[in-house]
Amino acid sequence: MSRPFRALILVLLLASCGGGEHRAPRDLENACAIVKERPHYLRAMQRVERKYGAPVPVLMAMIHQESKFIGNAKTPRSYALGVIPMGRVSSAYGYSQALDGTWEEYQKETRNRRARRDDIDDATDFMGWYMTKTVQKNGIPMHDARNQYLAYHEGHTGFRRGSYRSKGWLVNVANRVASRAQVYQAQLIACRRR
């Protein structure tokens, strides 16, 4: 076999391995189906619940809203004049849609420089870390999915200033996150009984 051919086969083999599960689970409306299809998601979230106190259903609902459980999710591209690509809307990436600067702060503070936003373990740990800061800075309980989500989206200072109040669409999204967390919680309780 020639050297270039072997190199091509190696590249194709490595590409087929991928960098993890980046596609969404099949049924995003059912927490039991998500857990059955991706049991490691539940294990990652349970670790975060034990470490930070962030409830699994709240984490699931926030990840659903942020990335639909797509590990390499990115924000849409922006276009000038509707056709000229200008880059991404923001640097948000991965399961948690963490911004570059906030992710770097997390890596530095947790001394986890190898953490990746497209890894469910790291992304959920980031969310637990951020939610803990939300409790400390804004006094929002971990189980308050609505306000935790608003602080997650607007940042701690933005939440404190009430920047979300002028964004009716965002308040509606936060209400849906809270509703989804309740649904996921009921589903998880039901499927544990089976």
# chains A, B, ... in the order shown; residues from 1 in each chain; ligands from 1
call {"tool": "select_by_dssp", "arguments": {"residues": "segment 33-168 of chain A", "states": "helix (DSSP H, G or I)", "output": "VMD selection string"}}
result
chain A and resid 33 to 37 39 to 52 56 to 67 100 to 110 120 to 138 145 to 161 163 to 166 168
call {"tool": "residues_around", "arguments": {"residues": "Ala33 of chain A", "least_positions_apart": "6", "cutoff": "10 Å", "atoms": "only C-alpha atoms", "output": "PDB file with N, CA, C and O atoms, in the first residue's frame"}}
result
ATOM      1  N   PRO A  25     -30.188  13.674  20.938  1.00  0.00           N
ATOM      2  CA  PRO A  25     -30.956  12.449  21.149  1.00  0.00           C
ATOM      3  C   PRO A  25     -32.248  12.511  20.331  1.00  0.00           C
ATOM      4  O   PRO A  25     -32.722  13.594  19.971  1.00  0.00           O
ATOM      5  N   ARG A  26     -32.833  11.356  20.056  1.00  0.00           N
ATOM      6  CA  ARG A  26     -34.007  11.299  19.170  1.00  0.00           C
ATOM      7  C   ARG A  26     -35.259  11.982  19.730  1.00  0.00           C
ATOM      8  O   ARG A  26     -35.968  12.642  18.999  1.00  0.00           O
ATOM      9  N   ASP A  27     -35.551  11.795  21.011  1.00  0.00           N
ATOM     10  CA  ASP A  27     -36.789  12.330  21.592  1.00  0.00           C
ATOM     11  C   ASP A  27     -36.454  13.324  22.698  1.00  0.00           C
ATOM     12  O   ASP A  27     -36.275  12.944  23.852  1.00  0.00           O
ATOM     13  N   PRO A  39     -27.188   7.343  28.591  1.00  0.00           N
ATOM     14  CA  PRO A  39     -27.088   7.226  30.055  1.00  0.00           C
ATOM     15  C   PRO A  39     -25.948   8.058  30.646  1.00  0.00           C
ATOM     16  O   PRO A  39     -26.028   8.496  31.792  1.00  0.00           O
ATOM     17  N   GLN A 187     -41.193  13.209  34.613  1.00  0.00           N
ATOM     18  CA  GLN A 187     -40.829  12.067  33.768  1.00  0.00           C
ATOM     19  C   GLN A 187     -39.738  11.229  34.418  1.00  0.00           C
ATOM     20  O   GLN A 187     -39.803   9.997  34.418  1.00  0.00           O
ATOM     21  N   LEU A 188     -38.725  11.888  34.962  1.00  0.00           N
ATOM     22  CA  LEU A 188     -37.621  11.158  35.595  1.00  0.00           C
ATOM     23  C   LEU A 188     -38.102  10.377  36.815  1.00  0.00           C
ATOM     24  O   LEU A 188     -37.662   9.255  37.045  1.00  0.00           O
ATOM     25  N   CYS A 191     -40.021   7.306  35.354  1.00  0.00           N
ATOM     26  CA  CYS A 191     -39.221   6.242  34.729  1.00  0.00           C
ATOM     27  C   CYS A 191     -38.327   5.539  35.740  1.00  0.00           C
ATOM     28  O   CYS A 191     -37.906   4.418  35.507  1.00  0.00           O
TER      29      CYS A 191
END
call {"tool": "select_by_dssp", "arguments": {"residues": "segment 36-126 of chain A", "states": "strand (DSSP E)", "output": "list in words"}}
result
Arg77, Ser78, Tyr79, Ala80, Ile84, Pro85, Met86, Gly87 and Arg88 of chain A
call {"tool": "residues_around", "arguments": {"residues": "Gly155 of chain A", "least_positions_apart": "4", "cutoff": "12 Å", "atoms": "only C-alpha atoms", "output": "PDB file with C-alpha atoms, in the first residue's frame"}}
result
ATOM      1  CA  ALA A  98     -20.928  29.125  27.035  1.00  0.00           C
ATOM      2  CA  LEU A  99     -19.236  32.240  25.706  1.00  0.00           C
ATOM      3  CA  GLY A 101     -14.722  34.616  28.080  1.00  0.00           C
ATOM      4  CA  THR A 102     -16.991  32.908  30.603  1.00  0.00           C
ATOM      5  CA  TYR A 130     -22.240  29.124  36.882  1.00  0.00           C
ATOM      6  CA  MET A 131     -25.489  28.378  38.707  1.00  0.00           C
ATOM      7  CA  LYS A 133     -22.290  31.811  41.228  1.00  0.00           C
ATOM      8  CA  THR A 134     -25.874  32.841  40.453  1.00  0.00           C
ATOM      9  CA  LYS A 137     -24.411  36.804  43.462  1.00  0.00           C
ATOM     10  CA  ASN A 138     -28.179  37.010  42.970  1.00  0.00           C
ATOM     11  CA  ASN A 147     -34.624  32.851  37.146  1.00  0.00           C
ATOM     12  CA  GLN A 148     -31.544  30.650  36.905  1.00  0.00           C
ATOM     13  CA  TYR A 149     -32.077  30.658  33.139  1.00  0.00           C
ATOM     14  CA  LEU A 150     -32.584  34.436  33.012  1.00  0.00           C
ATOM     15  CA  ALA A 151     -29.332  34.962  34.940  1.00  0.00           C
ATOM     16  CA  PHE A 159     -29.953  39.939  35.727  1.00  0.00           C
ATOM     17  CA  ARG A 160     -29.340  42.183  38.739  1.00  0.00           C
ATOM     18  CA  ARG A 161     -30.109  45.239  36.586  1.00  0.00           C
ATOM     19  CA  GLY A 162     -33.263  43.575  35.260  1.00  0.00           C
ATOM     20  CA  SER A 163     -32.209  43.702  31.604  1.00  0.00           C
ATOM     21  CA  TYR A 164     -34.580  40.813  30.863  1.00  0.00           C
TER      22      TYR A 164
END
call {"tool": "residues_around", "arguments": {"residues": "Arg43 of chain A", "least_positions_apart": "4", "cutoff": "10 Å", "atoms": "only C-alpha atoms", "output": "compact mmCIF listing (two decimals) with N, CA and C atoms, in the first residue's frame"}}
result
# COMPACT_ATOMS: atom_id res chain seq x y z
N VAL A 35 -32.36 9.81 28.68
CA VAL A 35 -31.51 9.06 29.60
C VAL A 35 -31.27 7.64 29.10
N ARG A 38 -28.86 8.05 26.12
CA ARG A 38 -27.55 8.59 26.52
C ARG A 38 -27.40 8.52 28.04
N PRO A 39 -27.19 7.34 28.59
CA PRO A 39 -27.09 7.23 30.06
C PRO A 39 -25.95 8.06 30.65
N ARG A 47 -23.57 13.89 38.79
CA ARG A 47 -22.31 14.34 39.42
C ARG A 47 -22.39 15.83 39.74
N VAL A 48 -22.93 16.60 38.81
CA VAL A 48 -23.06 18.05 39.02
C VAL A 48 -24.06 18.34 40.14
N GLU A 49 -25.14 17.56 40.19
CA GLU A 49 -26.12 17.75 41.27
C GLU A 49 -25.47 17.49 42.63
N VAL A 56 -30.93 17.90 38.37
CA VAL A 56 -30.85 17.29 37.04
C VAL A 56 -31.92 17.84 36.09
N ILE A 120 -20.08 16.59 27.41
CA ILE A 120 -21.22 16.72 28.31
C ILE A 120 -20.79 16.83 29.77
N ASP A 121 -19.73 16.13 30.16
CA ASP A 121 -19.25 16.22 31.54
C ASP A 121 -18.76 17.62 31.87
call {"tool": "closest_residue", "arguments": {"among": "A:Arg23, A:Phe69, A:Gln185, A:Lys74", "to": "Thr124 of chain A", "atoms": "only C-alpha atoms"}}
result
A:Phe69
call {"tool": "closest_residue", "arguments": {"among": "A:Ala31, A:Glu37, A:Arg116, A:Met127", "to": "Gly53 of chain A", "atoms": "only C-alpha atoms"}}
result
A:Met127
